[in-house]
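To be precise, the following lines are run_33.csv, and they hold CSV, N, CA and C atoms.
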chain,number,residue,atom,x,y,z
A,1,GLN,N,-0.9,4.5,53.5
A,1,GLN,CA,-1.8,4.7,52.4
A,1,GLN,C,-2.1,6.2,52.3
A,2,TYR,N,-2.1,6.9,53.4
A,2,TYR,CA,-2.4,8.4,53.4
A,2,TYR,C,-1.4,9.1,52.6
A,3,VAL,N,-0.2,8.9,52.8
A,3,VAL,CA,0.9,9.6,52.1
A,3,VAL,C,0.8,9.2,50.6
A,4,LEU,N,0.6,7.9,50.3
A,4,LEU,CA,0.5,7.5,48.9
A,4,LEU,C,-0.7,8.2,48.2
A,5,GLY,N,-1.8,8.4,48.9
A,5,GLY,CA,-2.9,9.1,48.4
A,5,GLY,C,-2.6,10.6,48.1
A,6,ILE,N,-1.9,11.2,49.0
A,6,ILE,CA,-1.5,12.6,48.8
A,6,ILE,C,-0.6,12.7,47.5
A,7,GLN,N,0.4,11.8,47.5
A,7,GLN,CA,1.3,11.8,46.4
A,7,GLN,C,0.6,11.6,45.0
A,8,GLU,N,-0.4,10.7,45.0
A,8,GLU,CA,-1.1,10.5,43.8
A,8,GLU,C,-2.0,11.7,43.4
A,9,LYS,N,-2.7,12.2,44.4
A,9,LYS,CA,-3.6,13.4,44.1
A,9,LYS,C,-2.8,14.6,43.6
A,10,LEU,N,-1.6,14.8,44.2
A,10,LEU,CA,-0.8,16.0,43.8
A,10,LEU,C,0.2,15.7,42.7
A,11,ALA,N,0.1,14.4,42.1
A,11,ALA,CA,1.0,14.0,41.1
A,11,ALA,C,2.5,14.2,41.4
A,12,ILE,N,2.8,13.7,42.7
A,12,ILE,CA,4.2,13.8,43.2
A,12,ILE,C,4.9,12.5,42.9
A,13,ASP,N,6.1,12.6,42.2
A,13,ASP,CA,6.9,11.4,42.0
A,13,ASP,C,7.6,11.1,43.3
A,14,ALA,N,7.2,10.0,43.9
A,14,ALA,CA,7.8,9.7,45.2
A,14,ALA,C,9.3,9.5,45.1
A,15,SER,N,9.8,8.9,44.0
A,15,SER,CA,11.2,8.7,43.9
A,15,SER,C,12.1,9.9,43.8
A,16,LYS,N,11.4,11.1,43.7
A,16,LYS,CA,12.2,12.3,43.7
A,16,LYS,C,11.9,13.1,45.0
A,17,THR,N,11.3,12.5,45.9
A,17,THR,CA,11.0,13.1,47.2
A,17,THR,C,12.0,12.6,48.2
A,18,LYS,N,12.5,13.6,49.0
A,18,LYS,CA,13.4,13.3,50.1
A,18,LYS,C,12.6,13.0,51.4
A,19,LYS,N,13.1,12.0,52.2
A,19,LYS,CA,12.4,11.6,53.4
A,19,LYS,C,13.3,11.6,54.6
A,20,VAL,N,12.8,12.2,55.7
A,20,VAL,CA,13.5,12.0,57.0
A,20,VAL,C,12.6,11.2,57.8
A,21,GLN,N,13.1,10.1,58.3
A,21,GLN,CA,12.3,9.1,59.0
A,21,GLN,C,12.7,9.1,60.5
A,22,THR,N,11.7,9.2,61.3
A,22,THR,CA,11.9,9.0,62.8
A,22,THR,C,11.2,7.7,63.1
A,23,GLY,N,12.0,6.8,63.7
A,23,GLY,CA,11.6,5.4,63.9
A,23,GLY,C,12.5,4.6,63.1
A,24,GLY,N,13.2,3.7,63.7
A,24,GLY,CA,14.2,3.0,63.0
A,24,GLY,C,13.8,1.6,62.4
A,25,PRO,N,14.8,1.0,61.8
A,25,PRO,CA,14.5,-0.3,61.1
A,25,PRO,C,14.2,-1.4,62.1
A,26,ASP,N,14.4,-1.2,63.4
A,26,ASP,CA,14.2,-2.3,64.3
A,26,ASP,C,12.7,-2.4,64.8
A,27,GLY,N,11.9,-1.4,64.5
A,27,GLY,CA,10.5,-1.5,64.9
A,27,GLY,C,9.5,-1.8,63.8
A,28,ASP,N,8.3,-2.1,64.2
A,28,ASP,CA,7.3,-2.5,63.2
A,28,ASP,C,7.0,-1.4,62.2
A,29,LEU,N,6.7,-0.2,62.6
A,29,LEU,CA,6.4,0.9,61.7
A,29,LEU,C,7.6,1.3,60.9
A,30,GLY,N,8.8,1.5,61.5
A,30,GLY,CA,10.0,1.9,60.8
A,30,GLY,C,10.4,0.9,59.8
A,31,SER,N,10.4,-0.4,60.2
A,31,SER,CA,10.8,-1.4,59.2
A,31,SER,C,9.9,-1.5,58.0
A,32,ASN,N,8.6,-1.4,58.3
A,32,ASN,CA,7.6,-1.5,57.2
A,32,ASN,C,7.8,-0.3,56.2
A,33,GLU,N,8.0,0.9,56.8
A,33,GLU,CA,8.2,2.1,56.0
A,33,GLU,C,9.4,2.0,55.1
A,34,ILE,N,10.5,1.4,55.7
A,34,ILE,CA,11.7,1.2,54.9
A,34,ILE,C,11.5,0.2,53.8
A,35,LYS,N,10.8,-0.9,54.1
A,35,LYS,CA,10.6,-2.0,53.1
A,35,LYS,C,9.7,-1.6,51.9
A,36,HIS,N,8.8,-0.6,52.2
A,36,HIS,CA,7.8,-0.3,51.2
A,36,HIS,C,8.0,1.1,50.6
A,37,ALA,N,9.0,1.8,51.0
A,37,ALA,CA,9.2,3.2,50.6
A,37,ALA,C,9.7,3.3,49.2
A,38,ASN,N,9.3,4.4,48.5
A,38,ASN,CA,9.8,4.7,47.2
A,38,ASN,C,10.6,6.0,47.2
A,39,GLU,N,10.5,6.7,48.4
A,39,GLU,CA,11.2,8.0,48.5
A,39,GLU,C,12.7,7.8,48.7
A,40,ARG,N,13.4,8.9,48.5
A,40,ARG,CA,14.9,8.8,48.7
A,40,ARG,C,15.0,9.2,50.2
A,41,THR,N,15.4,8.3,51.0
A,41,THR,CA,15.6,8.5,52.5
A,41,THR,C,16.9,9.2,52.7
A,42,ILE,N,16.9,10.4,53.3
A,42,ILE,CA,18.1,11.1,53.6
A,42,ILE,C,18.5,11.0,55.1
A,43,ALA,N,17.6,10.6,55.9
A,43,ALA,CA,17.9,10.5,57.4
A,43,ALA,C,17.0,9.5,58.0
A,44,VAL,N,17.5,8.7,59.0
A,44,VAL,CA,16.8,7.9,59.8
A,44,VAL,C,17.3,8.1,61.3
A,45,VAL,N,16.3,8.4,62.1
A,45,VAL,CA,16.6,8.7,63.5
A,45,VAL,C,15.9,7.6,64.4
A,46,ASP,N,16.7,6.9,65.2
A,46,ASP,CA,16.1,5.9,66.0
A,46,ASP,C,16.7,6.0,67.4
A,47,GLY,N,16.4,5.1,68.3
A,47,GLY,CA,16.9,5.1,69.6
A,47,GLY,C,18.4,5.1,69.8
A,48,SER,N,19.1,4.6,68.7
A,48,SER,CA,20.6,4.5,68.8
A,48,SER,C,21.3,5.7,68.3
A,49,GLY,N,20.6,6.6,67.5
A,49,GLY,CA,21.3,7.7,66.9
A,49,GLY,C,20.7,8.2,65.6
A,50,VAL,N,21.6,8.9,64.9
A,50,VAL,CA,21.2,9.6,63.6
A,50,VAL,C,22.0,9.0,62.5
A,51,LEU,N,21.3,8.6,61.4
A,51,LEU,CA,22.0,8.2,60.2
A,51,LEU,C,21.5,9.2,59.1
A,52,TYR,N,22.5,9.8,58.4
A,52,TYR,CA,22.2,10.9,57.5
A,52,TYR,C,23.1,10.8,56.2
A,53,ASP,N,22.5,11.0,55.1
A,53,ASP,CA,23.2,11.1,53.8
A,53,ASP,C,22.4,11.9,52.9
A,54,PRO,N,22.8,13.1,52.5
A,54,PRO,CA,22.1,14.0,51.6
A,54,PRO,C,21.9,13.4,50.2
A,55,GLU,N,22.8,12.5,49.9
A,55,GLU,CA,22.7,11.8,48.6
A,55,GLU,C,21.6,10.7,48.6
A,56,GLY,N,21.2,10.3,49.7
A,56,GLY,CA,20.2,9.2,49.9
A,56,GLY,C,20.9,8.0,50.6
A,57,ILE,N,20.3,7.5,51.6
A,57,ILE,CA,20.9,6.4,52.3
A,57,ILE,C,20.7,5.1,51.5
A,58,ASP,N,21.7,4.3,51.4
A,58,ASP,CA,21.7,3.1,50.7
A,58,ASP,C,20.5,2.2,51.1
A,59,GLN,N,19.5,2.1,50.1
A,59,GLN,CA,18.3,1.4,50.4
A,59,GLN,C,18.5,-0.1,50.7
A,60,GLU,N,19.4,-0.7,50.0
A,60,GLU,CA,19.6,-2.2,50.2
A,60,GLU,C,20.1,-2.4,51.7
A,61,GLU,N,20.9,-1.5,52.1
A,61,GLU,CA,21.4,-1.7,53.5
A,61,GLU,C,20.3,-1.4,54.5
A,62,LEU,N,19.5,-0.4,54.2
A,62,LEU,CA,18.3,-0.1,55.1
A,62,LEU,C,17.4,-1.3,55.1
A,63,VAL,N,17.1,-1.9,54.0
A,63,VAL,CA,16.3,-3.1,54.0
A,63,VAL,C,16.9,-4.3,54.7
A,64,ARG,N,18.2,-4.4,54.6
A,64,ARG,CA,18.9,-5.5,55.4
A,64,ARG,C,18.6,-5.3,56.9
A,65,LEU,N,18.8,-4.0,57.4
A,65,LEU,CA,18.5,-3.7,58.8
A,65,LEU,C,17.1,-4.0,59.1
A,66,ALA,N,16.2,-3.5,58.3
A,66,ALA,CA,14.7,-3.7,58.6
A,66,ALA,C,14.3,-5.1,58.6
A,67,THR,N,14.9,-5.9,57.8
A,67,THR,CA,14.6,-7.4,57.7
A,67,THR,C,15.1,-8.1,59.0
A,68,ALA,N,16.3,-7.6,59.4
A,68,ALA,CA,16.9,-8.2,60.6
A,68,ALA,C,16.4,-7.5,61.9
A,69,ARG,N,15.6,-6.5,61.8
A,69,ARG,CA,15.2,-5.6,62.9
A,69,ARG,C,16.3,-5.1,63.7
A,70,LYS,N,17.3,-4.5,63.0
A,70,LYS,CA,18.5,-3.9,63.7
A,70,LYS,C,18.4,-2.4,63.7
A,71,MET,N,19.0,-1.8,64.7
A,71,MET,CA,19.0,-0.3,64.7
A,71,MET,C,20.0,0.3,63.8
A,72,VAL,N,19.9,1.6,63.6
A,72,VAL,CA,20.8,2.3,62.7
A,72,VAL,C,22.3,2.2,63.1
A,73,LYS,N,22.5,1.9,64.4
A,73,LYS,CA,23.9,1.7,64.8
A,73,LYS,C,24.6,0.6,64.1
A,74,GLU,N,23.8,-0.4,63.5
A,74,GLU,CA,24.3,-1.5,62.8
A,74,GLU,C,24.5,-1.2,61.3
A,75,PHE,N,24.2,0.0,60.9
A,75,PHE,CA,24.3,0.3,59.4
A,75,PHE,C,25.8,0.3,59.1
A,76,ASN,N,26.1,-0.3,57.9
A,76,ASN,CA,27.5,-0.3,57.4
A,76,ASN,C,27.9,1.1,56.9
A,77,GLY,N,28.7,1.8,57.7
A,77,GLY,CA,29.1,3.1,57.4
A,77,GLY,C,29.9,3.3,56.1
A,78,GLU,N,30.4,2.2,55.5
A,78,GLU,CA,31.1,2.2,54.2
A,78,GLU,C,30.1,2.5,53.1
A,79,LYS,N,28.8,2.3,53.4
A,79,LYS,CA,27.8,2.5,52.4
A,79,LYS,C,27.3,4.0,52.3
A,80,LEU,N,27.8,4.9,53.2
A,80,LEU,CA,27.5,6.3,53.1
A,80,LEU,C,28.4,7.0,52.1
A,81,THR,N,27.9,8.1,51.5
A,81,THR,CA,28.8,8.9,50.7
A,81,THR,C,29.7,9.7,51.6
A,82,ASP,N,30.6,10.5,51.0
A,82,ASP,CA,31.5,11.3,51.7
A,82,ASP,C,30.8,12.5,52.5
A,83,LYS,N,29.5,12.7,52.2
A,83,LYS,CA,28.7,13.7,52.8
A,83,LYS,C,27.9,13.2,53.9
A,84,GLY,N,27.8,11.8,54.0
A,84,GLY,CA,26.9,11.2,55.0
A,84,GLY,C,27.6,10.9,56.3
A,85,PHE,N,26.8,10.7,57.4
A,85,PHE,CA,27.4,10.4,58.7
A,85,PHE,C,26.4,9.5,59.5
A,86,LYS,N,27.0,8.9,60.5
A,86,LYS,CA,26.3,8.1,61.5
A,86,LYS,C,26.8,8.6,62.9
A,87,VAL,N,25.9,9.2,63.7
A,87,VAL,CA,26.3,9.6,65.0
A,87,VAL,C,25.4,8.9,66.0
A,88,MET,N,26.0,8.2,66.9
A,88,MET,CA,25.3,7.5,67.9
A,88,MET,C,25.1,8.3,69.2
A,89,ILE,N,24.1,7.9,70.0
A,89,ILE,CA,23.8,8.7,71.2
A,89,ILE,C,24.9,8.7,72.2
A,90,ASP,N,25.8,7.8,72.2
A,90,ASP,CA,26.8,7.8,73.2
A,90,ASP,C,28.1,8.4,72.7
A,91,GLU,N,28.1,9.1,71.5
A,91,GLU,CA,29.2,9.7,71.0
A,91,GLU,C,29.2,11.2,71.3
A,92,ASN,N,30.4,11.8,71.6
A,92,ASN,CA,30.5,13.2,71.9
A,92,ASN,C,31.6,13.8,71.1
A,93,ASP,N,31.5,15.1,70.8
A,93,ASP,CA,32.6,15.8,70.1
A,93,ASP,C,32.9,15.2,68.7
A,94,VAL,N,31.9,15.0,68.0
A,94,VAL,CA,32.0,14.4,66.6
A,94,VAL,C,32.0,15.5,65.6
A,95,VAL,N,32.9,15.5,64.6
A,95,VAL,CA,33.0,16.4,63.6
A,95,VAL,C,32.3,15.8,62.3
A,96,LEU,N,31.3,16.5,61.8
A,96,LEU,CA,30.5,16.0,60.7
A,96,LEU,C,31.3,16.3,59.4
A,97,PRO,N,31.0,15.7,58.3
A,97,PRO,CA,31.7,15.9,57.0
A,97,PRO,C,31.8,17.4,56.6
A,98,ASP,N,30.8,18.2,57.0
A,98,ASP,CA,30.7,19.6,56.6
A,98,ASP,C,31.5,20.5,57.6
A,99,GLY,N,32.1,19.8,58.6
A,99,GLY,CA,32.9,20.6,59.6
A,99,GLY,C,32.2,20.9,60.8
A,100,THR,N,30.9,20.7,60.9
A,100,THR,CA,30.1,21.0,62.1
A,100,THR,C,30.5,20.1,63.2
A,101,LYS,N,30.6,20.7,64.4
A,101,LYS,CA,31.0,19.8,65.6
A,101,LYS,C,29.7,19.5,66.3
A,102,VAL,N,29.5,18.2,66.6
A,102,VAL,CA,28.4,17.8,67.4
A,102,VAL,C,28.9,17.5,68.8
A,103,GLU,N,28.5,18.2,69.7
A,103,GLU,CA,29.0,18.0,71.1
A,103,GLU,C,28.4,16.8,71.8
A,104,SER,N,27.1,16.5,71.4
A,104,SER,CA,26.4,15.4,72.1
A,104,SER,C,25.6,14.6,71.0
A,105,GLY,N,25.9,13.3,70.8
A,105,GLY,CA,25.1,12.5,70.0
A,105,GLY,C,23.6,12.4,70.4
A,106,MET,N,23.5,12.4,71.8
A,106,MET,CA,22.1,12.3,72.3
A,106,MET,C,21.3,13.6,71.9
A,107,ASP,N,21.9,14.7,72.1
A,107,ASP,CA,21.2,16.0,71.7
A,107,ASP,C,20.9,16.0,70.2
A,108,LEU,N,21.9,15.6,69.4
A,108,LEU,CA,21.7,15.5,67.9
A,108,LEU,C,20.4,14.7,67.6
A,109,ARG,N,20.4,13.5,68.2
A,109,ARG,CA,19.3,12.6,68.0
A,109,ARG,C,18.0,13.2,68.5
A,110,ASN,N,18.0,13.8,69.6
A,110,ASN,CA,16.7,14.3,70.2
A,110,ASN,C,16.2,15.5,69.5
A,111,LYS,N,17.1,16.3,68.8
A,111,LYS,CA,16.7,17.5,68.2
A,111,LYS,C,16.9,17.5,66.7
A,112,PHE,N,17.2,16.4,66.1
A,112,PHE,CA,17.5,16.3,64.7
A,112,PHE,C,16.4,16.8,63.8
A,113,HIS,N,15.2,16.6,64.2
A,113,HIS,CA,14.0,17.1,63.3
A,113,HIS,C,14.0,18.6,63.2
A,114,LEU,N,14.7,19.3,64.1
A,114,LEU,CA,14.8,20.7,64.1
A,114,LEU,C,16.1,21.2,63.4
A,115,ASN,N,17.0,20.3,63.0
A,115,ASN,CA,18.2,20.6,62.4
A,115,ASN,C,18.0,21.0,61.0
A,116,ASP,N,18.8,22.0,60.5
A,116,ASP,CA,18.7,22.4,59.1
A,116,ASP,C,18.8,21.2,58.1
A,117,LEU,N,19.6,20.2,58.5
A,117,LEU,CA,19.8,19.1,57.6
A,117,LEU,C,18.6,18.3,57.4
A,118,ALA,N,17.7,18.3,58.3
A,118,ALA,CA,16.4,17.6,58.2
A,118,ALA,C,15.4,18.3,57.3
A,119,SER,N,15.7,19.6,57.0
A,119,SER,CA,14.7,20.3,56.1
A,119,SER,C,15.4,20.7,54.8
A,120,ASP,N,16.5,20.1,54.5
A,120,ASP,CA,17.3,20.4,53.3
A,120,ASP,C,16.5,20.0,52.1
As structure tokens, please, write out the structure in this file.
Amino acid sequence: QYVLGIQEKLAIDASKTKKVQTGGPDGDLGSNEIKHANERTIAVVDGSGVLYDPEGIDQEELVRLATARKMVKEFNGEKLTDKGFKVMIDENDVVLPDGTKVESGMDLRNKFHLNDLASD
């Protein structure tokens, strides 16, 4: 409700807002946030890894995961655009669509909120 109040007070159109979410579709808070969100979610970070798509992550697929209480590792990668990626904590030496090399999926997950992609 707090965020909704801020958006209303500042006349922010939530549908044009990008969101990076920490807490995945498998938990109470994360699943509720996904089910009730109006923002365009560009990243979800949970215990299994990082899901990212600058064009916006497929909301139907996120809701499917949230309803089933599944982690982002269960996200259907075919629903990402060519700029999107899914990197799990047990993956190493992954090359992202922009050519960036991720040495450790665990490090990416742990530090994603500091990554330039999270503030794009």
Quick one: everything within 6.5 Å of Leu65 of chain A, counting all atoms listed in the file, minus sequence neighbours fewer than 6 positions away in the same chain. Send it as a PyMOL selection string.
chain A and resi 25-26+71
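When only N, CA and C atoms are used to compute distances to Thr22 of chain A, the closest of the residues A:Leu80, A:Val95, A:Val63, A:Ala43 turns out to be A:Ala43.
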Taking the chain letters and numbering used in this document, name the residues of segment 13-115 of chain A that DSSP puts in strand (DSSP E), as a PyMOL selection string.
chain A and resi 18-22+40-46+49-52+85-88+92-95+101-104
Atoms to include: N, CA and C atoms. Write the selected residues as a compact mmCIF listing (two decimals), in the frame of the given file.
# COMPACT_ATOMS: atom_id res chain seq x y z
N LYS A 18 12.50 13.60 49.00
CA LYS A 18 13.40 13.30 50.10
C LYS A 18 12.60 13.00 51.40
N LYS A 19 13.10 12.00 52.20
CA LYS A 19 12.40 11.60 53.40
C LYS A 19 13.30 11.60 54.60
N VAL A 20 12.80 12.20 55.70
CA VAL A 20 13.50 12.00 57.00
C VAL A 20 12.60 11.20 57.80
N GLN A 21 13.10 10.10 58.30
CA GLN A 21 12.30 9.10 59.00
C GLN A 21 12.70 9.10 60.50
N THR A 22 11.70 9.20 61.30
CA THR A 22 11.90 9.00 62.80
C THR A 22 11.20 7.70 63.10
N ARG A 40 13.40 8.90 48.50
CA ARG A 40 14.90 8.80 48.70
C ARG A 40 15.00 9.20 50.20
N THR A 41 15.40 8.30 51.00
CA THR A 41 15.60 8.50 52.50
C THR A 41 16.90 9.20 52.70
N ILE A 42 16.90 10.40 53.30
CA ILE A 42 18.10 11.10 53.60
C ILE A 42 18.50 11.00 55.10
N ALA A 43 17.60 10.60 55.90
CA ALA A 43 17.90 10.50 57.40
C ALA A 43 17.00 9.50 58.00
N VAL A 44 17.50 8.70 59.00
CA VAL A 44 16.80 7.90 59.80
C VAL A 44 17.30 8.10 61.30
N VAL A 45 16.30 8.40 62.10
CA VAL A 45 16.60 8.70 63.50
C VAL A 45 15.90 7.60 64.40
N ASP A 46 16.70 6.90 65.20
CA ASP A 46 16.10 5.90 66.00
C ASP A 46 16.70 6.00 67.40
N GLY A 49 20.60 6.60 67.50
CA GLY A 49 21.30 7.70 66.90
C GLY A 49 20.70 8.20 65.60
N VAL A 50 21.60 8.90 64.90
CA VAL A 50 21.20 9.60 63.60
C VAL A 50 22.00 9.00 62.50
N LEU A 51 21.30 8.60 61.40
CA LEU A 51 22.00 8.20 60.20
C LEU A 51 21.50 9.20 59.10
N TYR A 52 22.50 9.80 58.40
CA TYR A 52 22.20 10.90 57.50
C TYR A 52 23.10 10.80 56.20
N PHE A 85 26.80 10.70 57.40
CA PHE A 85 27.40 10.40 58.70
C PHE A 85 26.40 9.50 59.50
N LYS A 86 27.00 8.90 60.50
CA LYS A 86 26.30 8.10 61.50
C LYS A 86 26.80 8.60 62.90
N VAL A 87 25.90 9.20 63.70
CA VAL A 87 26.30 9.60 65.00
C VAL A 87 25.40 8.90 66.00
N MET A 88 26.00 8.20 66.90
CA MET A 88 25.30 7.50 67.90
C MET A 88 25.10 8.30 69.20
N ASN A 92 30.40 11.80 71.60
CA ASN A 92 30.50 13.20 71.90
C ASN A 92 31.60 13.80 71.10
N ASP A 93 31.50 15.10 70.80
CA ASP A 93 32.60 15.80 70.10
C ASP A 93 32.90 15.20 68.70
N VAL A 94 31.90 15.00 68.00
CA VAL A 94 32.00 14.40 66.60
C VAL A 94 32.00 15.50 65.60
N VAL A 95 32.90 15.50 64.60
CA VAL A 95 33.00 16.40 63.60
C VAL A 95 32.30 15.80 62.30
N LYS A 101 30.60 20.70 64.40
CA LYS A 101 31.00 19.80 65.60
C LYS A 101 29.70 19.50 66.30
N VAL A 102 29.50 18.20 66.60
CA VAL A 102 28.40 17.80 67.40
C VAL A 102 28.90 17.50 68.80
N GLU A 103 28.50 18.20 69.70
CA GLU A 103 29.00 18.00 71.10
C GLU A 103 28.40 16.80 71.80
N SER A 104 27.10 16.50 71.40
CA SER A 104 26.40 15.40 72.10
C SER A 104 25.60 14.60 71.00
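Comparing the minimum interatomic distances between Ala66 of chain A and each of A:Val87, A:Ile34, A:Ile42, A:Ala11, counting only N, CA and C atoms, we find that A:Ile34 sits nearest.
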In chain A, DSSP alpha helix (DSSP H) residues written as a ChimeraX atom specification
/A:2-9,28-36,59-68,105-111
Gap from atom CA of Glu39 of chain A to atom C of Lys19 of chain A - Å, one decimal
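Taking atom CA of Glu39 of chain A and atom C of Lys19 of chain A, their separation equals 7.4 Å.
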Of the listed residues A:Ala118, A:Val44, A:Val94, A:Met88, that which approaches Ser31 of chain A most closely, counting only C-alpha atoms:
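Answer, going by the shortest atom-to-atom distance: A:Val44.
The spacing separating atom C of Ser15 of chain A from atom CA of Leu96 of chain A amounts to 25.7 Å.
You will find atom CA of Gly56 of chain A at 5.3 Å from atom CA of Thr41 of chain A.
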Identify which of the residues A:Lys83, A:Glu33, A:Lys70, A:His113 lies closest to Gly99 of chain A, counting only C-alpha atoms when measuring atom-to-atom distances.
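Among the listed residues, the smallest separation from Gly99 of chain A belongs to A:Lys83.
The nearest approach to Ile89 of chain A among the residues A:Leu29, A:Leu114, A:Ala37, A:Leu51, with only C-alpha atoms taken into account, belongs to A:Leu51.
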Find the spatial neighbours of Gly24 of chain A, counting all atoms listed in the file, within a cut-off of 5 Å - ignore same-chain residues fewer than 4 positions away - and output them as a ChimeraX atom specification.
/A:30-31,45-46
